[in-house]
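> Please read through the structure below; I'll follow up with questions.
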Amino acid sequence: QVQLVESGGGLVQAGGSLRLSCAASGRTFNSYAWFRQAPGKEREFAAAIRWSGGSTYYRSYTSSVKGRFTISMDNAKNTVYLQMNSLKPEDTADYYCAATTRTLLNPALWDAYNYWGQGTQVTVSS
């Protein structure tokens, strides 16, 4: 059974940092993403990473987090991370880890991913 388990969410003041983790079990993945959903809003893409072999990784970010968030993955641990720095109140959301076994044409589309975690809450106070 495949599972994605997120951790690392919490309450932080504006300007602070958090690191989210997502541990996969049941199979390995080459492509992961983080999506987020703020209260009353639709789920939106935050960041994605794809490993193409060796030390080559492709990363993409939505514009609002570029330069502040960093996505990374540890193949040996089957874990993906989202380092979030300079957090803003508008980053407040439930953050979801996603992984896919499908051919990834557009990493920002939620339906490109066929496995999802349960979500972890991030609250940034002003």
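So you can find residues: chains in the structure tokens are A, B, ... in the order shown, residues in each start at 1, and ligands are numbered from 1 in order.
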Skipping near chain neighbours, those fewer than 5 positions away, what residues fall within 9 Å of A:Asn75 using only C-alpha atoms, listed as a VMD selection string?
chain A and resid 28 to 30 51 80
> Write out as JSON lines a residue-level contact list of stretch 54-110 of chain A versus stretch 6-14 of chain A with cut-off 7 Å: for each qualifying residue the closest pair of atoms and the distance in Å to one decimal, counting only C-alpha atoms, rows sorted by chain and residue number upward.

```
{"residue": "A:Ser86", "atom": "CA", "partner": "A:Ala14", "partner_atom": "CA", "distance": 6.9}
{"residue": "A:Leu87", "atom": "CA", "partner": "A:Ala14", "partner_atom": "CA", "distance": 5.3}
{"residue": "A:Lys88", "atom": "CA", "partner": "A:Ala14", "partner_atom": "CA", "distance": 5.0}
{"residue": "A:Pro89", "atom": "CA", "partner": "A:Ala14", "partner_atom": "CA", "distance": 6.3}
{"residue": "A:Cys97", "atom": "CA", "partner": "A:Glu6", "partner_atom": "CA", "distance": 6.7}
```
> Store the residues picked out above, limited to N, CA and C atoms, as a PDB file, in the first residue's frame.

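So the final result, stored in again.pdb, reads:
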```pdb
ATOM      1  N   SER A  86      11.126  33.095   4.981  1.00  0.00           N
ATOM      2  CA  SER A  86      10.468  34.394   4.826  1.00  0.00           C
ATOM      3  C   SER A  86       8.964  34.231   4.672  1.00  0.00           C
ATOM      4  N   LEU A  87       8.390  33.455   5.541  1.00  0.00           N
ATOM      5  CA  LEU A  87       6.961  33.153   5.425  1.00  0.00           C
ATOM      6  C   LEU A  87       6.105  34.391   5.629  1.00  0.00           C
ATOM      7  N   LYS A  88       4.995  34.412   4.902  1.00  0.00           N
ATOM      8  CA  LYS A  88       4.057  35.519   4.941  1.00  0.00           C
ATOM      9  C   LYS A  88       2.687  34.996   5.381  1.00  0.00           C
ATOM     10  N   PRO A  89       1.864  35.864   5.925  1.00  0.00           N
ATOM     11  CA  PRO A  89       0.513  35.408   6.317  1.00  0.00           C
ATOM     12  C   PRO A  89      -0.247  34.754   5.162  1.00  0.00           C
ATOM     13  N   CYS A  97       1.358  16.975   0.023  1.00  0.00           N
ATOM     14  CA  CYS A  97       2.386  16.337  -0.773  1.00  0.00           C
ATOM     15  C   CYS A  97       1.710  15.464  -1.827  1.00  0.00           C
TER      16      CYS A  97
END
```
> Which residue, A:Ser17, A:Thr56, A:Ala108, A:Thr101, has the smallest gap to A:Glu44 when you use only C-alpha atoms?
A:Ala108
> Enter the distance from atom CA of A:Tyr96 to atom CA of A:Ser126, in Å, rounded to one decimal.
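Between atom CA of A:Tyr96 and atom CA of A:Ser126 the gap is 22.8 Å.
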> From the set A:Arg19, A:Tyr57, A:Gln37, A:Gln3, which residue has the shortest atom-to-atom contact distance to A:Phe69, counting only C-alpha atoms?
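That would be A:Arg19, the residue with the smallest distance to A:Phe69.
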> Identify which of the residues A:Ile49, A:Val124, A:Ala98, A:Leu4 lies closest to A:Ser72, counting only C-alpha atoms when measuring atom-to-atom distances.
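Nearest candidate to A:Ser72 out of A:Ile49, A:Val124, A:Ala98, A:Leu4: A:Ile49.
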> To one decimal place in Å, what is the distance between atom CA of A:Ser125 and atom CA of A:Ala47?
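Separation between atom CA of A:Ser125 and atom CA of A:Ala47: 22.1 Å.
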> Please list as a PDB file with all heavy atoms, in the first residue's frame every residue within 8 Å of A:Thr100, counting only C-alpha atoms and excluding residues in the same chain fewer than 6 positions away.

```
ATOM      1  N   PHE A  29       9.269   7.063  -5.993  1.00  0.00           N
ATOM      2  CA  PHE A  29       8.782   8.021  -6.975  1.00  0.00           C
ATOM      3  C   PHE A  29       9.938   8.869  -7.481  1.00  0.00           C
ATOM      4  O   PHE A  29      10.879   9.141  -6.745  1.00  0.00           O
ATOM      5  CB  PHE A  29       7.724   8.940  -6.357  1.00  0.00           C
ATOM      6  CG  PHE A  29       6.476   8.224  -5.923  1.00  0.00           C
ATOM      7  CD1 PHE A  29       6.321   7.807  -4.604  1.00  0.00           C
ATOM      8  CD2 PHE A  29       5.459   7.966  -6.821  1.00  0.00           C
ATOM      9  CE1 PHE A  29       5.179   7.159  -4.196  1.00  0.00           C
ATOM     10  CE2 PHE A  29       4.301   7.322  -6.419  1.00  0.00           C
ATOM     11  CZ  PHE A  29       4.166   6.910  -5.107  1.00  0.00           C
ATOM     12  N   ASN A  30       9.821   9.304  -8.706  1.00  0.00           N
ATOM     13  CA  ASN A  30      10.785  10.245  -9.265  1.00  0.00           C
ATOM     14  C   ASN A  30      10.259  11.673  -9.277  1.00  0.00           C
ATOM     15  O   ASN A  30      11.037  12.606  -9.475  1.00  0.00           O
ATOM     16  CB  ASN A  30      11.151   9.850 -10.695  1.00  0.00           C
ATOM     17  CG  ASN A  30      11.913   8.547 -10.755  1.00  0.00           C
ATOM     18  OD1 ASN A  30      12.536   8.136  -9.780  1.00  0.00           O
ATOM     19  ND2 ASN A  30      11.866   7.898 -11.887  1.00  0.00           N
ATOM     20  N   SER A  31       8.950  11.819  -9.115  1.00  0.00           N
ATOM     21  CA  SER A  31       8.344  13.152  -9.212  1.00  0.00           C
ATOM     22  C   SER A  31       7.423  13.387  -8.026  1.00  0.00           C
ATOM     23  O   SER A  31       6.555  12.571  -7.735  1.00  0.00           O
ATOM     24  CB  SER A  31       7.539  13.280 -10.504  1.00  0.00           C
ATOM     25  OG  SER A  31       8.361  13.139 -11.631  1.00  0.00           O
ATOM     26  N   TYR A  32       7.628  14.549  -7.406  1.00  0.00           N
ATOM     27  CA  TYR A  32       6.811  14.964  -6.273  1.00  0.00           C
ATOM     28  C   TYR A  32       6.406  16.427  -6.476  1.00  0.00           C
ATOM     29  O   TYR A  32       7.039  17.176  -7.223  1.00  0.00           O
ATOM     30  CB  TYR A  32       7.601  14.906  -4.962  1.00  0.00           C
ATOM     31  CG  TYR A  32       7.972  13.548  -4.459  1.00  0.00           C
ATOM     32  CD1 TYR A  32       9.180  12.965  -4.814  1.00  0.00           C
ATOM     33  CD2 TYR A  32       7.136  12.859  -3.586  1.00  0.00           C
ATOM     34  CE1 TYR A  32       9.540  11.727  -4.314  1.00  0.00           C
ATOM     35  CE2 TYR A  32       7.496  11.613  -3.072  1.00  0.00           C
ATOM     36  CZ  TYR A  32       8.702  11.060  -3.447  1.00  0.00           C
ATOM     37  OH  TYR A  32       9.058   9.834  -2.945  1.00  0.00           O
ATOM     38  N   ALA A 112      -2.113  15.612 -12.436  1.00  0.00           N
ATOM     39  CA  ALA A 112      -0.931  14.886 -12.898  1.00  0.00           C
ATOM     40  C   ALA A 112      -0.445  13.904 -11.845  1.00  0.00           C
ATOM     41  O   ALA A 112       0.388  13.049 -12.130  1.00  0.00           O
ATOM     42  CB  ALA A 112       0.182  15.861 -13.246  1.00  0.00           C
ATOM     43  N   TYR A 113      -0.985  14.022 -10.632  1.00  0.00           N
ATOM     44  CA  TYR A 113      -0.496  13.239  -9.505  1.00  0.00           C
ATOM     45  C   TYR A 113      -1.555  12.233  -9.069  1.00  0.00           C
ATOM     46  O   TYR A 113      -2.739  12.581  -8.946  1.00  0.00           O
ATOM     47  CB  TYR A 113      -0.117  14.170  -8.355  1.00  0.00           C
ATOM     48  CG  TYR A 113       0.967  15.129  -8.766  1.00  0.00           C
ATOM     49  CD1 TYR A 113       0.654  16.354  -9.342  1.00  0.00           C
ATOM     50  CD2 TYR A 113       2.308  14.791  -8.632  1.00  0.00           C
ATOM     51  CE1 TYR A 113       1.645  17.217  -9.769  1.00  0.00           C
ATOM     52  CE2 TYR A 113       3.305  15.660  -9.045  1.00  0.00           C
ATOM     53  CZ  TYR A 113       2.964  16.860  -9.624  1.00  0.00           C
ATOM     54  OH  TYR A 113       3.948  17.717 -10.042  1.00  0.00           O
ATOM     55  N   ASN A 114      -1.120  11.016  -8.832  1.00  0.00           N
ATOM     56  CA  ASN A 114      -2.073   9.981  -8.455  1.00  0.00           C
ATOM     57  C   ASN A 114      -1.930   9.494  -7.028  1.00  0.00           C
ATOM     58  O   ASN A 114      -2.640   8.552  -6.624  1.00  0.00           O
ATOM     59  CB  ASN A 114      -2.030   8.805  -9.447  1.00  0.00           C
ATOM     60  CG  ASN A 114      -0.624   8.291  -9.734  1.00  0.00           C
ATOM     61  OD1 ASN A 114       0.364   8.906  -9.360  1.00  0.00           O
ATOM     62  ND2 ASN A 114      -0.539   7.166 -10.399  1.00  0.00           N
ATOM     63  N   TYR A 115      -1.030  10.109  -6.282  1.00  0.00           N
ATOM     64  CA  TYR A 115      -0.926   9.786  -4.863  1.00  0.00           C
ATOM     65  C   TYR A 115      -0.827  11.088  -4.069  1.00  0.00           C
ATOM     66  O   TYR A 115      -0.102  12.011  -4.471  1.00  0.00           O
ATOM     67  CB  TYR A 115       0.299   8.913  -4.568  1.00  0.00           C
ATOM     68  CG  TYR A 115       0.204   7.538  -5.184  1.00  0.00           C
ATOM     69  CD1 TYR A 115       0.791   7.271  -6.413  1.00  0.00           C
ATOM     70  CD2 TYR A 115      -0.488   6.523  -4.540  1.00  0.00           C
ATOM     71  CE1 TYR A 115       0.699   6.015  -6.993  1.00  0.00           C
ATOM     72  CE2 TYR A 115      -0.586   5.263  -5.108  1.00  0.00           C
ATOM     73  CZ  TYR A 115       0.006   5.019  -6.328  1.00  0.00           C
ATOM     74  OH  TYR A 115      -0.100   3.781  -6.897  1.00  0.00           O
TER      75      TYR A 115
END
```
> Which one of A:Ala76, A:Ile71, A:Arg50, A:Ser25 sits closest to A:Arg102 if you count only C-alpha atoms?
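The closest residue to A:Arg102 is A:Arg50.
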> Looking at A:Ala48, A:Leu109, A:Met73, A:Leu18, which one is nearest to A:Gln121, with distances taken over only C-alpha atoms?
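Smallest separation from A:Gln121 among the options: A:Leu18.
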> Write out as a list in words each polymer residue whose atoms come within 8 Å of A:Asp94, counting only C-alpha atoms; drop sequence neighbours fewer than 6 positions from it.
Arg36, Gln37, Ala38, Gly119, Thr120, Gln121 and Val122 of chain A
> Go ahead and write the residues just picked, N, CA, C and O atoms, as a PDB file, in the first residue's frame.

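Everything below was put into out05.pdb:
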```pdb
ATOM      1  N   ARG A  36      -1.012  23.566  -2.063  1.00  0.00           N
ATOM      2  CA  ARG A  36      -1.547  24.134  -0.832  1.00  0.00           C
ATOM      3  C   ARG A  36      -2.955  24.646  -1.076  1.00  0.00           C
ATOM      4  O   ARG A  36      -3.324  24.991  -2.197  1.00  0.00           O
ATOM      5  N   GLN A  37      -3.709  24.650   0.004  1.00  0.00           N
ATOM      6  CA  GLN A  37      -5.086  25.116  -0.080  1.00  0.00           C
ATOM      7  C   GLN A  37      -5.384  25.995   1.119  1.00  0.00           C
ATOM      8  O   GLN A  37      -5.387  25.533   2.267  1.00  0.00           O
ATOM      9  N   ALA A  38      -5.604  27.271   0.835  1.00  0.00           N
ATOM     10  CA  ALA A  38      -5.948  28.224   1.880  1.00  0.00           C
ATOM     11  C   ALA A  38      -7.444  28.152   2.158  1.00  0.00           C
ATOM     12  O   ALA A  38      -8.220  27.718   1.299  1.00  0.00           O
ATOM     13  N   GLY A 119      -2.144  15.943   4.242  1.00  0.00           N
ATOM     14  CA  GLY A 119      -2.042  17.386   4.448  1.00  0.00           C
ATOM     15  C   GLY A 119      -1.472  17.736   5.804  1.00  0.00           C
ATOM     16  O   GLY A 119      -1.635  17.004   6.783  1.00  0.00           O
ATOM     17  N   THR A 120      -0.796  18.864   5.857  1.00  0.00           N
ATOM     18  CA  THR A 120      -0.283  19.409   7.110  1.00  0.00           C
ATOM     19  C   THR A 120      -0.552  20.909   7.120  1.00  0.00           C
ATOM     20  O   THR A 120      -0.399  21.578   6.101  1.00  0.00           O
ATOM     21  N   GLN A 121      -0.973  21.413   8.252  1.00  0.00           N
ATOM     22  CA  GLN A 121      -1.406  22.807   8.329  1.00  0.00           C
ATOM     23  C   GLN A 121      -0.242  23.733   8.642  1.00  0.00           C
ATOM     24  O   GLN A 121       0.562  23.465   9.536  1.00  0.00           O
ATOM     25  N   VAL A 122      -0.190  24.810   7.897  1.00  0.00           N
ATOM     26  CA  VAL A 122       0.793  25.863   8.131  1.00  0.00           C
ATOM     27  C   VAL A 122       0.036  27.156   8.395  1.00  0.00           C
ATOM     28  O   VAL A 122      -0.798  27.567   7.582  1.00  0.00           O
TER      29      VAL A 122
END
```
> Where does DSSP see strand (DSSP E) in stretch 31-121 of chain A, if you list the residues as a count of residues only?
47
> Provide the atom CA of A:Arg43 to atom CA of A:Gly15 distance in Å, to one decimal place.
23.2 Å
